[in-house]
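Peer 1: Can you read through this structure? Questions will come right after.
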Amino acid sequence: MTNVVKNVNVEYQIDQDNFAATVQTKRKPCVLKGMDIGECRSKWTVEYLSDNCGPHDCVVHVSETSQMDFINKNYLYRKLPFREVVKRASVTKHTEYFINPKEFYYFRSLGENVRTEASNITEQFPQFKDDIKIPQFFPQESFFSSVFRISSAGMQLWTHYDVMDNLLIQINGRKRVTLFPPSDALYLYLHGDKSMVTDIDRPDLTKFPNFIKAKRYECVLEAGDILFIPALWFHNVIALEFGIAVNVFWKNLKPELYDKKDPYGNKDLIPAARSMDILNRALKVLDELPEEYRDFYARKMVAKIQEKSY
Ligand SMILES: O=C(O)CCC(=O)C(=O)O
């Protein structure tokens with residue numbers, strides 16, 4: 001048994017004004033087709049990227065199985081030159097490998113200083129920057145990061161949310177993206193920004209009985225498509241083929257709301273993180289009461305939160 005699947009909306013050749021009015025304000029994901037993403041569509045072959053990338057070293061996820069599991073950490077982090085990442089991800093049988101000849105690769109580019117800086121492909125891969133046209137759907141000053149995403153065929157990335165609006169530009173290869181709305185967060189069994197339901201197609205409903213209630217939106221991105229992923233929408237990605245994508249995050253809210261020490265774009269907004277902190281402290285204070293009282297006041301707190309939610 002799995003969730004009812006809804007299709008993600010599609011828009012064709014949308015411009016800046018229409019994007020703001022008909023896509024971004026709706027706060028729903030949308031596939032944008034027929035967009036001009038530049039020469040990368042034809043240029044970014046395995047040969048071109050590996051011949052032109054220089055001696056750039058990358059940290060890559062390597063796993064024995066296609067489904068990456070952040071709970072059991074069934075993957076390794078390994079360092080490889082960018083050219084090697086692209087080459088290995090593009091084939092399904094390897095002559096050089098870390099685990100076995102059929103291992104899977106997933107690369108997400110990081111900032112120059114991984115702890116403090118966000119990825120910016122324009123600065124880190126200047127030789128490729130003119131190949132890609134990123135739609136100007138946001139003011140330049142709101143730009144946060146641009147991230148390379150390179151995956152082996154079959155690779156599945158766990159369900160997670162980010163705190164900024166996002167354009168996922170699929171350059172090569174097809175990809176299935178499954179999304180769940182922020183309003184269904186309760187059904188996704190969160191651990192930080194990730195869902196503990198690692199297998200969304202064959203969920204363990206004894207462990208995660210409410211997962212079935214989460215509304216599931218799905219699309220298959222073809223090469224050249226762009227997916228708008230609004231902040232807080234959960235997404236899970238399966239590369240149906242070897243794929244190269246770039247995604248761009250921008251701050252869609254006032255800049256002061258965002259945590260300045262967030263190289264990934266997934267740290268909760270400052271007021272959200274503070275509220276969670278206060279809640280955790282309140283729960284610790286409740287622990288001072290005997291069980292019967294703790295339960296009673298916890299229920300009163302839940303009622304208060306429910307009254308507040310929209
Ligand atoms: O396409 C991918 O590999 C992952 C995309 C993603 O997680 C994102 O755009 O935030």
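Here, A, B, ... name the chains of the structure tokens in the order displayed, residue numbers run from 1 inside each chain, and ligands are numbered from 1 in the same displayed order.
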Do a neighbour search on Lys261 in chain A at 10 Å with only C-alpha atoms, toss out local chain neighbours closer than 4 positions, and write the hits as a ChimeraX atom specification.

Peer 2: /A:115-118,265,267

Peer 1: The selected residues should be written to file as an mmCIF file, in the first residue's frame (atoms: C-alpha atoms).

Peer 2:
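Below is the file that was written, selection-v2.cif:
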data_model
loop_
_atom_site.group_PDB
_atom_site.id
_atom_site.type_symbol
_atom_site.label_atom_id
_atom_site.label_comp_id
_atom_site.auth_asym_id
_atom_site.auth_seq_id
_atom_site.Cartn_x
_atom_site.Cartn_y
_atom_site.Cartn_z
ATOM 1 C CA ARG A 115 31.735 24.495 7.189
ATOM 2 C CA THR A 116 31.174 28.154 6.466
ATOM 3 C CA GLU A 117 30.598 28.667 2.731
ATOM 4 C CA ALA A 118 27.797 27.617 0.424
ATOM 5 C CA GLY A 265 20.457 25.997 3.056
ATOM 6 C CA LYS A 267 19.068 25.186 8.838
#

Peer 1: Could you please extract the residues within 9 Å of ligand 1, counting only C-alpha atoms and all ligand atoms, and hand them back as a ChimeraX atom specification?

Peer 2: /A:106-108,147-151,155-162,166-170,175-177,227-229,235-239,243-249,265

Peer 1: With N, CA and C atoms retained, export the selected residues as a CSV table (one decimal), in the first residue's frame.

Peer 2:
chain,number,residue,atom,x,y,z
A,106,TYR,N,27.1,9.6,-5.6
A,106,TYR,CA,26.2,10.8,-5.6
A,106,TYR,C,27.1,12.0,-5.2
A,107,PHE,N,27.1,13.0,-6.0
A,107,PHE,CA,28.0,14.2,-5.7
A,107,PHE,C,27.1,15.4,-5.5
A,108,ARG,N,27.3,16.1,-4.4
A,108,ARG,CA,26.6,17.4,-4.1
A,108,ARG,C,27.8,18.3,-3.9
A,147,VAL,N,24.5,24.6,-6.9
A,147,VAL,CA,25.0,23.3,-6.4
A,147,VAL,C,25.0,22.3,-7.5
A,148,PHE,N,26.1,21.6,-7.8
A,148,PHE,CA,26.2,20.5,-8.8
A,148,PHE,C,25.6,19.3,-8.1
A,149,ARG,N,24.7,18.5,-8.8
A,149,ARG,CA,24.2,17.3,-8.3
A,149,ARG,C,24.5,16.2,-9.4
A,150,ILE,N,25.3,15.3,-9.1
A,150,ILE,CA,25.7,14.3,-10.1
A,150,ILE,C,25.4,12.9,-9.5
A,151,SER,N,24.6,12.1,-10.3
A,151,SER,CA,24.2,10.8,-9.7
A,151,SER,C,24.3,9.7,-10.6
A,155,MET,N,20.4,5.9,-8.3
A,155,MET,CA,20.7,6.5,-7.0
A,155,MET,C,19.5,7.2,-6.4
A,156,GLN,N,19.2,6.9,-5.1
A,156,GLN,CA,18.0,7.6,-4.5
A,156,GLN,C,18.4,8.4,-3.3
A,157,LEU,N,18.0,9.6,-3.3
A,157,LEU,CA,18.4,10.5,-2.2
A,157,LEU,C,17.2,10.6,-1.3
A,158,TRP,N,17.4,10.5,0.0
A,158,TRP,CA,16.4,10.5,1.1
A,158,TRP,C,15.5,11.8,1.0
A,159,THR,N,14.3,11.6,1.6
A,159,THR,CA,13.3,12.7,1.7
A,159,THR,C,13.8,13.7,2.7
A,160,HIS,N,13.8,15.0,2.3
A,160,HIS,CA,14.3,16.1,3.2
A,160,HIS,C,13.6,17.4,2.7
A,161,TYR,N,13.8,18.4,3.6
A,161,TYR,CA,13.3,19.7,3.1
A,161,TYR,C,14.5,20.7,3.2
A,162,ASP,N,14.4,21.8,2.5
A,162,ASP,CA,15.3,22.9,2.6
A,162,ASP,C,14.5,24.1,3.0
A,166,ASN,N,13.9,27.0,-4.4
A,166,ASN,CA,14.9,26.3,-5.1
A,166,ASN,C,14.5,26.0,-6.5
A,167,LEU,N,15.4,26.2,-7.5
A,167,LEU,CA,15.2,25.7,-8.8
A,167,LEU,C,16.1,24.6,-9.1
A,168,LEU,N,15.5,23.4,-9.4
A,168,LEU,CA,16.4,22.2,-9.7
A,168,LEU,C,16.4,22.1,-11.2
A,169,ILE,N,17.6,22.4,-11.8
A,169,ILE,CA,17.7,22.4,-13.2
A,169,ILE,C,18.3,21.1,-13.7
A,170,GLN,N,17.6,20.3,-14.4
A,170,GLN,CA,18.0,18.9,-14.8
A,170,GLN,C,18.7,19.1,-16.1
A,175,LYS,N,14.9,11.9,-14.1
A,175,LYS,CA,14.9,11.8,-12.6
A,175,LYS,C,13.5,11.8,-12.1
A,176,ARG,N,13.1,10.9,-11.2
A,176,ARG,CA,11.8,11.0,-10.6
A,176,ARG,C,11.9,11.8,-9.3
A,177,VAL,N,11.0,12.8,-9.2
A,177,VAL,CA,11.0,13.5,-7.9
A,177,VAL,C,9.7,13.4,-7.2
A,227,LEU,N,12.6,22.1,-12.0
A,227,LEU,CA,11.6,22.0,-11.0
A,227,LEU,C,11.7,23.1,-10.0
A,228,PHE,N,10.6,23.8,-9.8
A,228,PHE,CA,10.6,24.8,-8.7
A,228,PHE,C,10.1,24.0,-7.4
A,229,ILE,N,11.0,24.0,-6.4
A,229,ILE,CA,10.7,23.4,-5.1
A,229,ILE,C,10.6,24.5,-4.1
A,235,HIS,N,11.3,16.6,-0.5
A,235,HIS,CA,11.5,16.0,-1.8
A,235,HIS,C,12.4,14.8,-1.6
A,236,ASN,N,12.2,13.8,-2.5
A,236,ASN,CA,12.9,12.5,-2.6
A,236,ASN,C,13.2,12.3,-4.0
A,237,VAL,N,14.4,12.0,-4.4
A,237,VAL,CA,14.8,12.0,-5.8
A,237,VAL,C,15.4,10.6,-6.2
A,238,ILE,N,15.0,10.1,-7.3
A,238,ILE,CA,15.6,8.9,-7.8
A,238,ILE,C,16.1,9.2,-9.3
A,239,ALA,N,17.4,9.0,-9.5
A,239,ALA,CA,18.0,9.2,-10.8
A,239,ALA,C,17.6,8.0,-11.7
A,243,GLY,N,22.8,11.2,-14.1
A,243,GLY,CA,22.2,12.5,-14.3
A,243,GLY,C,23.1,13.6,-13.8
A,244,ILE,N,23.0,14.8,-14.5
A,244,ILE,CA,23.7,16.0,-14.0
A,244,ILE,C,22.7,17.1,-13.8
A,245,ALA,N,22.7,17.7,-12.7
A,245,ALA,CA,21.7,18.7,-12.4
A,245,ALA,C,22.5,19.8,-11.7
A,246,VAL,N,21.9,21.0,-11.7
A,246,VAL,CA,22.4,22.1,-10.9
A,246,VAL,C,21.2,22.7,-10.2
A,247,ASN,N,21.3,22.9,-8.9
A,247,ASN,CA,20.1,23.6,-8.3
A,247,ASN,C,20.6,24.9,-7.6
A,248,VAL,N,19.6,25.8,-7.6
A,248,VAL,CA,19.9,27.2,-7.1
A,248,VAL,C,18.9,27.5,-6.0
A,249,PHE,N,19.5,27.9,-4.9
A,249,PHE,CA,18.7,28.3,-3.7
A,249,PHE,C,18.7,29.8,-3.6
A,265,GLY,N,21.8,25.5,3.3
A,265,GLY,CA,20.5,26.0,3.1
A,265,GLY,C,19.4,25.2,3.7

Peer 1: Counting only C-alpha atoms, what is within 8 Å of range 123-126 of chain A, bar same-chain residues fewer than 3 positions away, as a PyMOL selection string?

Peer 2: chain A and resi 53+112+119-120+129-130

Peer 1: With N, CA and C atoms retained, could you export that selection as a PDB file, in the first residue's frame?

Peer 2:
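Everything below was put into selection-v6.pdb:
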ATOM      1  N   CYS A  53      37.554  20.183 -16.448  1.00  0.00           N
ATOM      2  CA  CYS A  53      37.308  20.567 -15.051  1.00  0.00           C
ATOM      3  C   CYS A  53      38.556  20.925 -14.265  1.00  0.00           C
ATOM      4  N   GLU A 112      33.857  26.284  -0.794  1.00  0.00           N
ATOM      5  CA  GLU A 112      35.324  26.191  -0.689  1.00  0.00           C
ATOM      6  C   GLU A 112      35.707  25.775   0.738  1.00  0.00           C
ATOM      7  N   SER A 119      27.992  26.347  -1.614  1.00  0.00           N
ATOM      8  CA  SER A 119      28.525  26.057  -2.947  1.00  0.00           C
ATOM      9  C   SER A 119      28.117  27.153  -3.936  1.00  0.00           C
ATOM     10  N   ASN A 120      29.051  27.524  -4.803  1.00  0.00           N
ATOM     11  CA  ASN A 120      28.736  28.492  -5.852  1.00  0.00           C
ATOM     12  C   ASN A 120      29.504  28.046  -7.093  1.00  0.00           C
ATOM     13  N   LYS A 129      30.802  28.222 -16.165  1.00  0.00           N
ATOM     14  CA  LYS A 129      29.746  29.158 -15.741  1.00  0.00           C
ATOM     15  C   LYS A 129      28.959  29.765 -16.918  1.00  0.00           C
ATOM     16  N   ASP A 130      29.643  29.956 -18.064  1.00  0.00           N
ATOM     17  CA  ASP A 130      28.930  30.564 -19.188  1.00  0.00           C
ATOM     18  C   ASP A 130      28.059  29.564 -19.941  1.00  0.00           C
TER      19      ASP A 130
END

Peer 1: Can you tell me which residues surround Leu232 in chain A at a distance of at most 12 Å, considering only C-alpha atoms, apart from same-chain residues fewer than 5 positions away, and format the answer as a PyMOL selection string?

Peer 2: chain A and resi 27-29+159-166+179-185+193-194+252+265-269

Peer 1: Would you export the selected residues with N, CA, C and O atoms as a tab-separated table (two decimals), in the first residue's frame, please?

Peer 2:
chain	number	residue	atom	x	y	z
A	27	ARG	N	3.04	28.61	-3.89
A	27	ARG	CA	3.74	27.77	-2.90
A	27	ARG	C	3.52	26.27	-3.15
A	27	ARG	O	3.32	25.49	-2.21
A	28	LYS	N	3.49	25.93	-4.44
A	28	LYS	CA	3.39	24.52	-4.82
A	28	LYS	C	4.51	24.23	-5.82
A	28	LYS	O	4.87	25.12	-6.59
A	29	PRO	N	5.02	22.99	-5.84
A	29	PRO	CA	6.07	22.69	-6.82
A	29	PRO	C	5.52	22.81	-8.24
A	29	PRO	O	4.31	22.66	-8.45
A	159	THR	N	14.30	11.61	1.62
A	159	THR	CA	13.32	12.70	1.68
A	159	THR	C	13.79	13.75	2.70
A	159	THR	O	14.10	13.40	3.84
A	160	HIS	N	13.84	14.99	2.26
A	160	HIS	CA	14.28	16.07	3.15
A	160	HIS	C	13.64	17.39	2.72
A	160	HIS	O	13.07	17.46	1.63
A	161	TYR	N	13.75	18.40	3.56
A	161	TYR	CA	13.31	19.74	3.14
A	161	TYR	C	14.47	20.71	3.23
A	161	TYR	O	15.45	20.46	3.96
A	162	ASP	N	14.36	21.81	2.48
A	162	ASP	CA	15.31	22.91	2.58
A	162	ASP	C	14.52	24.15	2.99
A	162	ASP	O	13.29	24.17	2.85
A	163	VAL	N	15.21	25.17	3.48
A	163	VAL	CA	14.46	26.33	4.02
A	163	VAL	C	14.37	27.49	3.01
A	163	VAL	O	13.86	28.55	3.35
A	164	MET	N	14.87	27.28	1.80
A	164	MET	CA	14.82	28.35	0.79
A	164	MET	C	14.14	27.85	-0.47
A	164	MET	O	14.12	26.65	-0.73
A	165	ASP	N	13.63	28.79	-1.27
A	165	ASP	CA	13.08	28.41	-2.56
A	165	ASP	C	14.22	27.91	-3.45
A	165	ASP	O	15.37	28.34	-3.31
A	166	ASN	N	13.86	27.05	-4.40
A	166	ASN	CA	14.90	26.26	-5.09
A	166	ASN	C	14.47	25.98	-6.52
A	166	ASN	O	13.32	25.61	-6.77
A	179	LEU	N	7.35	14.56	-4.01
A	179	LEU	CA	7.30	15.68	-3.05
A	179	LEU	C	6.13	15.52	-2.09
A	179	LEU	O	5.09	14.95	-2.46
A	180	PHE	N	6.29	16.03	-0.89
A	180	PHE	CA	5.22	16.03	0.11
A	180	PHE	C	5.10	17.44	0.67
A	180	PHE	O	6.12	18.10	0.91
A	181	PRO	N	3.86	17.92	0.88
A	181	PRO	CA	3.71	19.32	1.34
A	181	PRO	C	4.15	19.50	2.79
A	181	PRO	O	4.07	18.55	3.59
A	182	PRO	N	4.57	20.72	3.14
A	182	PRO	CA	5.00	21.00	4.51
A	182	PRO	C	3.88	20.70	5.52
A	182	PRO	O	4.16	20.30	6.65
A	183	SER	N	2.62	20.84	5.09
A	183	SER	CA	1.50	20.61	6.02
A	183	SER	C	1.39	19.14	6.42
A	183	SER	O	0.67	18.80	7.36
A	184	ASP	N	2.09	18.24	5.71
A	184	ASP	CA	2.06	16.82	6.06
A	184	ASP	C	3.29	16.37	6.85
A	184	ASP	O	3.54	15.16	6.99
A	185	ALA	N	3.99	17.35	7.40
A	185	ALA	CA	5.24	17.04	8.13
A	185	ALA	C	5.03	15.96	9.21
A	185	ALA	O	5.88	15.11	9.40
A	193	ASP	N	15.94	17.60	9.40
A	193	ASP	CA	15.34	18.01	8.12
A	193	ASP	C	15.02	16.81	7.23
A	193	ASP	O	14.65	16.99	6.07
A	194	LYS	N	15.16	15.58	7.77
A	194	LYS	CA	14.97	14.39	6.92
A	194	LYS	C	13.84	13.52	7.45
A	194	LYS	O	13.57	13.50	8.65
A	252	ASN	N	13.99	33.61	-0.12
A	252	ASN	CA	12.71	34.18	-0.55
A	252	ASN	C	12.06	35.02	0.55
A	252	ASN	O	11.04	35.65	0.32
A	265	GLY	N	21.80	25.48	3.33
A	265	GLY	CA	20.46	26.00	3.06
A	265	GLY	C	19.38	25.16	3.71
A	265	GLY	O	18.23	25.15	3.26
A	266	ASN	N	19.75	24.42	4.76
A	266	ASN	CA	18.72	23.58	5.40
A	266	ASN	C	18.60	23.83	6.91
A	266	ASN	O	17.94	23.06	7.59
A	267	LYS	N	19.23	24.90	7.40
A	267	LYS	CA	19.07	25.19	8.84
A	267	LYS	C	17.76	25.93	9.03
A	267	LYS	O	17.47	26.88	8.27
A	268	ASP	N	17.02	25.56	10.06
A	268	ASP	CA	15.73	26.22	10.27
A	268	ASP	C	15.92	27.72	10.46
A	268	ASP	O	16.96	28.17	10.99
A	269	LEU	N	14.90	28.48	10.05
A	269	LEU	CA	14.98	29.94	10.20
A	269	LEU	C	15.14	30.28	11.68
A	269	LEU	O	14.69	29.53	12.56

Peer 1: Record the distance separating CA of Ile71 in chain A and CA of Ser152 in chain A, expressed in Å with one decimal.

Peer 2: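 Atom-to-atom, CA of Ile71 in chain A and CA of Ser152 in chain A are spaced 20.9 Å apart.
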
Peer 1: How would you write, as a ChimeraX atom specification, the set of residues in range 78-224 of chain A that DSSP gives as alpha helix (DSSP H)?

Peer 2: /A:82-89,121-124

Peer 1: Just the residues within 10 Å of Val114 in chain A, please, counting only C-alpha atoms, with nothing from its chain fewer than 5 positions along; format it as a PDB file with N, CA, C and O atoms, in the first residue's frame.

Peer 2:
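The result, stored in selection.pdb:
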ATOM      1  N   SER A 109      27.930  19.383  -4.713  1.00  0.00           N
ATOM      2  CA  SER A 109      29.092  20.252  -4.503  1.00  0.00           C
ATOM      3  C   SER A 109      28.943  21.045  -3.216  1.00  0.00           C
ATOM      4  O   SER A 109      27.829  21.361  -2.780  1.00  0.00           O
ATOM      5  N   SER A 119      27.992  26.347  -1.614  1.00  0.00           N
ATOM      6  CA  SER A 119      28.525  26.057  -2.947  1.00  0.00           C
ATOM      7  C   SER A 119      28.117  27.153  -3.936  1.00  0.00           C
ATOM      8  O   SER A 119      26.994  27.653  -3.898  1.00  0.00           O
ATOM      9  N   PRO A 263      25.788  26.508   5.548  1.00  0.00           N
ATOM     10  CA  PRO A 263      26.331  26.323   4.201  1.00  0.00           C
ATOM     11  C   PRO A 263      25.428  25.501   3.272  1.00  0.00           C
ATOM     12  O   PRO A 263      25.587  25.537   2.061  1.00  0.00           O
ATOM     13  N   TYR A 264      24.438  24.764   3.831  1.00  0.00           N
ATOM     14  CA  TYR A 264      23.613  23.868   2.998  1.00  0.00           C
ATOM     15  C   TYR A 264      22.229  24.427   2.638  1.00  0.00           C
ATOM     16  O   TYR A 264      21.533  23.863   1.812  1.00  0.00           O
TER      17      TYR A 264
END

Peer 1: Pull the strand (DSSP E or B) assignments for range 78-255 of chain A out of DSSP run on the backbone, and list those residues as a PyMOL selection string.

Peer 2: chain A and resi 78-81+104-108+143-151+156-160+165-172+175-180+190-191+194-195+216-221+226-229+234-239+243-250

Peer 1: Identify, on the basis of only C-alpha atoms, every residue whose closest approach to Gly38 in chain A does not exceed 7 Å; exclude the query and any residue fewer than 5 positions from it along the same chain; express the result as a VMD selection string.

Peer 2: chain A and resid 131 to 133

Peer 1: Would you pick out the contacts of Lys251 in chain A at 8 Å or less, using only C-alpha atoms, so that residues sharing its chain but fewer than 4 positions from it are not included, and give the list as number ranges by chain?

Peer 2: A: 142-144, 164-165, 255, 258

Peer 1: Save out the residues we just selected, N, CA, C and O atoms, as a CSV table (one decimal), in the first residue's frame.

Peer 2:
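Okay, this is what ended up in selection.csv:
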chain,number,residue,atom,x,y,z
A,142,SER,N,19.4,38.1,-3.4
A,142,SER,CA,18.8,37.0,-2.6
A,142,SER,C,19.5,35.6,-2.9
A,142,SER,O,19.2,34.7,-2.2
A,143,PHE,N,20.4,35.6,-3.9
A,143,PHE,CA,21.0,34.4,-4.3
A,143,PHE,C,21.7,33.8,-3.0
A,143,PHE,O,22.4,34.5,-2.3
A,144,PHE,N,21.6,32.5,-2.9
A,144,PHE,CA,22.3,31.8,-1.8
A,144,PHE,C,23.4,30.8,-2.3
A,144,PHE,O,24.5,30.9,-1.9
A,164,MET,N,14.9,27.3,1.8
A,164,MET,CA,14.8,28.4,0.8
A,164,MET,C,14.1,27.9,-0.5
A,164,MET,O,14.1,26.6,-0.7
A,165,ASP,N,13.6,28.8,-1.3
A,165,ASP,CA,13.1,28.4,-2.6
A,165,ASP,C,14.2,27.9,-3.5
A,165,ASP,O,15.4,28.3,-3.3
A,255,PRO,N,16.4,38.6,4.6
A,255,PRO,CA,17.6,37.9,4.9
A,255,PRO,C,17.9,37.7,6.4
A,255,PRO,O,18.6,36.7,6.8
A,258,TYR,N,17.3,34.2,8.2
A,258,TYR,CA,18.1,33.0,7.9
A,258,TYR,C,19.3,32.9,8.8
A,258,TYR,O,20.0,33.9,9.1

Peer 1: Measure the distance from CA of Thr178 in chain A to CA of Tyr217 in chain A in Å and round it to one decimal.

Peer 2: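 Computing the Euclidean distance for CA of Thr178 in chain A and CA of Tyr217 in chain A yields 5.6 Å.
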